[in-house]
Every structure is written in C-alpha cells, then in structure tokens.
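Okay, structure first, notes after.
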Amino acid sequence: MARFAGGGPATPADGVRPAPVQGGAVFDAVPAEVPRARRVLVAALRRWDVHEDDVHSAQLVACELLSNAVRYGSGPTMDLDVRMDDVHIHLAVRNRHARPRRLARSNGSVAPIGSPEPDEASEPSESVWGSECGRGLRLVEALALEWGSRPLAGELLVWAMIARVDAARPA
C-alpha cells in the first residue's frame with residue numbers, strides 16, 4: 001500500500017512556527033488508483049492534524065489533478081506530492097507525457113500547456129457545461145489560491161496551493 005513518506009505534526013503545542021511538512025507517493029497512472037491516492041492523502045493529512053475542511057479541499061483538488069494525469073498523461077506512474085506550512089497546502093501531480101498536451105482553461109477553452117489564461121470575464125462555452133470533462137479545473141480554480149502547470153523534461157507537473165482555513169483560527 002502506498003504511504004506518504006515524511007510527516008510530523010502540523011502545529012506544535014508550544015506555538016513555535018513549524019517547519020514545513022511534506023510527503024509524497026507514487027501510484028500507477030490508472031483510474032483505479034485515483035481513489036486510492038485520495039485515501040492515502042487523506043490519511044496523511046489527518047495524521048498531520050489538518051482541519052477537516054482543509055482535508056476535504058485538498059482531497060477534491062488532488063482527485064482532479066490525479067484524474068487529469070490519468071486521462072491526459074502517458075506515463076505508467078504518477079507522483080502525488082504534498083507540502084504544508086502553517087498557512088498553505090501545496091499539492092503537485094507529476095506524470096510523463098509523450099507529446100505536447102492541451103489543458104482546459106478556466107473559461108472552458110482548450111490551450112497548450114503553459115498558455116496564458118484569457119480574460120477572466122470570458123464565459124465557458126455551452127459545450128463545456130454539457131460535456132463529461134472540463135469542469136474539474138473549475139473546481140481546482142475555485143478551491144485553490146493559485147494553480148498552474150509546467151512542462152518538465154518529459155513530464156508535466158500540475159500544482160495547486162490551497163489556503164488552510166485552520167491557519168486563520170486562533171489556537
């Protein structure tokens with residue numbers, strides 16, 4: 001069973017600013033691994049004492065990123081990495097890709113990876129609302145402070161940064 005390497009408490013009892021917590025795991029790039037990866041992520045976040053609202057947001061975002069890696073990637077495996085500090089959860093999914101990929105933009109159009117976002121006032125096309133895909137990255141955009149992608153040598157890294165709601169709560 002995959003398990004995140006790394007760990008440690010998310011917030012120490014003495015109030016000292018914690019060092020970032022990080023971990024990662026490798027999964028087969030097949031649809032059946034997405035729920036498994038989500039369970040591994042949730043278990044790690046709960047071990048790190050992350051607030052349930054943050055766990056929920058992180059699992060939704062990770063599921064979308066992993067699902068896209070399975071659907072659009074060509075590699076045999078995908079990596080899920082998580083890094084957490086006292087105010088953010090950073091998620092990253094890496095998968096090999098054999099040819100330049102296209103990614104749905106926030107307005108529903110499709111563009112090559114790394115293309116700039118269009119004007120945010122743009123509305124998605126009607127085909128996006130009725131389609132089977134194209135809405136997942138809207139969810140990522142809604143839950144993440146920032147997200148993006150960048151090609152690496154033979155791989156694609158898609159990442160998201162989520163604000164921790166528990167960071168705003170008094171201890």
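By order in the structure tokens, chains are A, B, ...; within a chain, residues start at 1; ligands start at 1, following the order shown.
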
If we count only C-alpha atoms, what is near Leu80 in chain A at a cut-off of 10 Å, once residues fewer than 4 positions away on the same chain are taken out, given as an mmCIF file with C-alpha atoms, in the first residue's frame?
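Listing of around.cif after writing:
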```
data_model
loop_
_atom_site.group_PDB
_atom_site.id
_atom_site.type_symbol
_atom_site.label_atom_id
_atom_site.label_comp_id
_atom_site.auth_asym_id
_atom_site.auth_seq_id
_atom_site.Cartn_x
_atom_site.Cartn_y
_atom_site.Cartn_z
ATOM 1 C CA PHE A 4 3.372 9.182 2.148
ATOM 2 C CA GLY A 23 5.398 13.807 1.786
ATOM 3 C CA GLY A 24 4.799 12.021 -1.450
ATOM 4 C CA ALA A 25 3.785 8.768 -3.024
ATOM 5 C CA VAL A 26 3.866 7.147 -6.457
ATOM 6 C CA PHE A 27 0.795 5.498 -7.978
ATOM 7 C CA ALA A 37 -4.288 8.063 -3.849
ATOM 8 C CA ARG A 38 -7.049 10.184 -2.325
ATOM 9 C CA VAL A 40 -3.543 7.907 1.185
ATOM 10 C CA LEU A 41 -3.568 11.725 1.054
ATOM 11 C CA ALA A 62 -5.857 16.208 -5.638
ATOM 12 C CA LEU A 65 -5.248 16.709 -10.675
ATOM 13 C CA LEU A 66 -4.762 12.940 -10.476
ATOM 14 C CA LEU A 91 -0.238 19.754 -3.959
ATOM 15 C CA ALA A 92 1.635 18.632 -7.062
ATOM 16 C CA VAL A 93 0.970 15.809 -9.504
ATOM 17 C CA ARG A 94 3.650 14.754 -11.960
ATOM 18 C CA ASN A 95 3.166 12.437 -14.936
ATOM 19 C CA LEU A 157 3.807 19.000 -13.303
ATOM 20 C CA VAL A 158 0.392 20.361 -12.310
ATOM 21 C CA TRP A 159 0.213 22.062 -8.936
#
```

Original post:
If we count only C-alpha atoms, what is near Leu60 in chain A at a cut-off of 12 Å, once residues fewer than 5 positions away on the same chain are taken out, given as a PyMOL selection string?
Top reply: chain A and resi 34-35+37-39+41-42+53-55+65-67+91+136-144+160+162

Original post:
So which bits of range 12-58 of chain A end up strand (DSSP E or B) when you DSSP the backbone, as a PyMOL selection string?
Top reply: chain A and resi 21-28

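Atom to atom, CA of Ala32 in chain A and CA of Trp147 in chain A stand 24.6 Å apart.
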
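The gap separating CA of His90 in chain A from CA of Leu152 in chain A is 18.1 Å, in Å to one decimal.
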
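Interatomic distance, CA of His88 in chain A against CA of Gly75 in chain A: 28.7 Å.
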
Subject >> Shortest interatomic distance to Asp166 in chain A - which of A:Val70, A:Val50, A:Ala153, A:Met84, counting only C-alpha atoms >> reply: A:Val50

Original post:
So which residues of range 23-113 of chain A fall under alpha helix (DSSP H) by DSSP, listed as an NGL selection string?
Top reply: :A and (33-47 or 52-72)

Selected residues, N, CA and C atoms, written as an mmCIF file, in the first residue's frame, please.
```
data_model
loop_
_atom_site.group_PDB
_atom_site.id
_atom_site.type_symbol
_atom_site.label_atom_id
_atom_site.label_comp_id
_atom_site.auth_asym_id
_atom_site.auth_seq_id
_atom_site.Cartn_x
_atom_site.Cartn_y
_atom_site.Cartn_z
ATOM 1 N N GLU A 33 -6.451 3.901 -9.345
ATOM 2 C CA GLU A 33 -5.503 4.427 -8.366
ATOM 3 C C GLU A 33 -5.907 5.797 -7.824
ATOM 4 N N VAL A 34 -6.798 6.516 -8.516
ATOM 5 C CA VAL A 34 -7.187 7.848 -8.058
ATOM 6 C C VAL A 34 -7.859 7.790 -6.687
ATOM 7 N N PRO A 35 -8.867 6.926 -6.469
ATOM 8 C CA PRO A 35 -9.450 6.857 -5.126
ATOM 9 C C PRO A 35 -8.438 6.380 -4.075
ATOM 10 N N ARG A 36 -7.561 5.495 -4.469
ATOM 11 C CA ARG A 36 -6.541 5.005 -3.542
ATOM 12 C C ARG A 36 -5.588 6.136 -3.148
ATOM 13 N N ALA A 37 -5.166 6.927 -4.133
ATOM 14 C CA ALA A 37 -4.288 8.063 -3.849
ATOM 15 C C ALA A 37 -4.996 9.064 -2.933
ATOM 16 N N ARG A 38 -6.269 9.269 -3.172
ATOM 17 C CA ARG A 38 -7.049 10.184 -2.325
ATOM 18 C C ARG A 38 -7.078 9.681 -0.886
ATOM 19 N N ARG A 39 -7.289 8.379 -0.697
ATOM 20 C CA ARG A 39 -7.311 7.815 0.663
ATOM 21 C C ARG A 39 -5.960 7.963 1.352
ATOM 22 N N VAL A 40 -4.886 7.754 0.614
ATOM 23 C CA VAL A 40 -3.543 7.907 1.185
ATOM 24 C C VAL A 40 -3.306 9.358 1.587
ATOM 25 N N LEU A 41 -3.714 10.307 0.733
ATOM 26 C CA LEU A 41 -3.568 11.725 1.054
ATOM 27 C C LEU A 41 -4.371 12.094 2.298
ATOM 28 N N VAL A 42 -5.625 11.668 2.342
ATOM 29 C CA VAL A 42 -6.488 11.982 3.485
ATOM 30 C C VAL A 42 -5.889 11.416 4.774
ATOM 31 N N ALA A 43 -5.413 10.189 4.732
ATOM 32 C CA ALA A 43 -4.815 9.583 5.929
ATOM 33 C C ALA A 43 -3.598 10.387 6.394
ATOM 34 N N ALA A 44 -2.769 10.819 5.447
ATOM 35 C CA ALA A 44 -1.583 11.605 5.816
ATOM 36 C C ALA A 44 -1.985 12.947 6.423
ATOM 37 N N LEU A 45 -2.929 13.640 5.809
ATOM 38 C CA LEU A 45 -3.353 14.947 6.330
ATOM 39 C C LEU A 45 -3.959 14.810 7.717
ATOM 40 N N ARG A 46 -4.709 13.751 7.941
ATOM 41 C CA ARG A 46 -5.288 13.545 9.274
ATOM 42 C C ARG A 46 -4.205 13.201 10.294
ATOM 43 N N ARG A 47 -3.206 12.433 9.889
ATOM 44 C CA ARG A 47 -2.074 12.155 10.797
ATOM 45 C C ARG A 47 -1.360 13.441 11.162
ATOM 46 N N GLU A 52 -10.469 19.308 9.155
ATOM 47 C CA GLU A 52 -11.278 18.545 8.183
ATOM 48 C C GLU A 52 -11.683 19.362 6.961
ATOM 49 N N ASP A 53 -11.938 20.655 7.112
ATOM 50 C CA ASP A 53 -12.261 21.481 5.937
ATOM 51 C C ASP A 53 -11.096 21.501 4.960
ATOM 52 N N ASP A 54 -9.883 21.572 5.489
ATOM 53 C CA ASP A 54 -8.699 21.566 4.641
ATOM 54 C C ASP A 54 -8.470 20.188 4.008
ATOM 55 N N VAL A 55 -8.730 19.145 4.766
ATOM 56 C CA VAL A 55 -8.619 17.790 4.229
ATOM 57 C C VAL A 55 -9.575 17.631 3.051
ATOM 58 N N HIS A 56 -10.796 18.097 3.232
ATOM 59 C CA HIS A 56 -11.809 17.985 2.178
ATOM 60 C C HIS A 56 -11.378 18.747 0.914
ATOM 61 N N SER A 57 -10.926 19.979 1.067
ATOM 62 C CA SER A 57 -10.483 20.766 -0.089
ATOM 63 C C SER A 57 -9.301 20.104 -0.782
ATOM 64 N N ALA A 58 -8.335 19.650 0.000
ATOM 65 C CA ALA A 58 -7.140 19.027 -0.576
ATOM 66 C C ALA A 58 -7.490 17.747 -1.334
ATOM 67 N N GLN A 59 -8.402 16.951 -0.796
ATOM 68 C CA GLN A 59 -8.726 15.713 -1.498
ATOM 69 C C GLN A 59 -9.476 15.985 -2.791
ATOM 70 N N LEU A 60 -10.343 16.999 -2.821
ATOM 71 C CA LEU A 60 -11.042 17.341 -4.064
ATOM 72 C C LEU A 60 -10.063 17.814 -5.132
ATOM 73 N N VAL A 61 -9.160 18.704 -4.746
ATOM 74 C CA VAL A 61 -8.181 19.224 -5.694
ATOM 75 C C VAL A 61 -7.265 18.103 -6.177
ATOM 76 N N ALA A 62 -6.754 17.302 -5.257
ATOM 77 C CA ALA A 62 -5.857 16.208 -5.638
ATOM 78 C C ALA A 62 -6.551 15.229 -6.572
ATOM 79 N N CYS A 63 -7.806 14.922 -6.306
ATOM 80 C CA CYS A 63 -8.552 13.995 -7.158
ATOM 81 C C CYS A 63 -8.650 14.533 -8.590
ATOM 82 N N GLU A 64 -8.911 15.816 -8.736
ATOM 83 C CA GLU A 64 -8.988 16.407 -10.074
ATOM 84 C C GLU A 64 -7.638 16.368 -10.775
ATOM 85 N N LEU A 65 -6.573 16.720 -10.061
ATOM 86 C CA LEU A 65 -5.248 16.709 -10.675
ATOM 87 C C LEU A 65 -4.826 15.293 -11.060
ATOM 88 N N LEU A 66 -5.098 14.337 -10.189
ATOM 89 C CA LEU A 66 -4.762 12.940 -10.476
ATOM 90 C C LEU A 66 -5.595 12.395 -11.635
ATOM 91 N N SER A 67 -6.870 12.715 -11.651
ATOM 92 C CA SER A 67 -7.733 12.247 -12.742
ATOM 93 C C SER A 67 -7.254 12.770 -14.089
ATOM 94 N N ASN A 68 -6.827 14.032 -14.110
ATOM 95 C CA ASN A 68 -6.289 14.590 -15.351
ATOM 96 C C ASN A 68 -4.982 13.918 -15.740
ATOM 97 N N ALA A 69 -4.147 13.564 -14.759
ATOM 98 C CA ALA A 69 -2.900 12.863 -15.063
ATOM 99 C C ALA A 69 -3.181 11.508 -15.699
ATOM 100 N N VAL A 70 -4.203 10.819 -15.199
ATOM 101 C CA VAL A 70 -4.581 9.525 -15.775
ATOM 102 C C VAL A 70 -5.141 9.720 -17.186
ATOM 103 N N ARG A 71 -6.019 10.687 -17.319
ATOM 104 C CA ARG A 71 -6.720 10.887 -18.595
ATOM 105 C C ARG A 71 -5.798 11.407 -19.696
ATOM 106 N N TYR A 72 -4.920 12.342 -19.367
ATOM 107 C CA TYR A 72 -4.135 13.008 -20.398
ATOM 108 C C TYR A 72 -2.666 12.624 -20.418
#
```
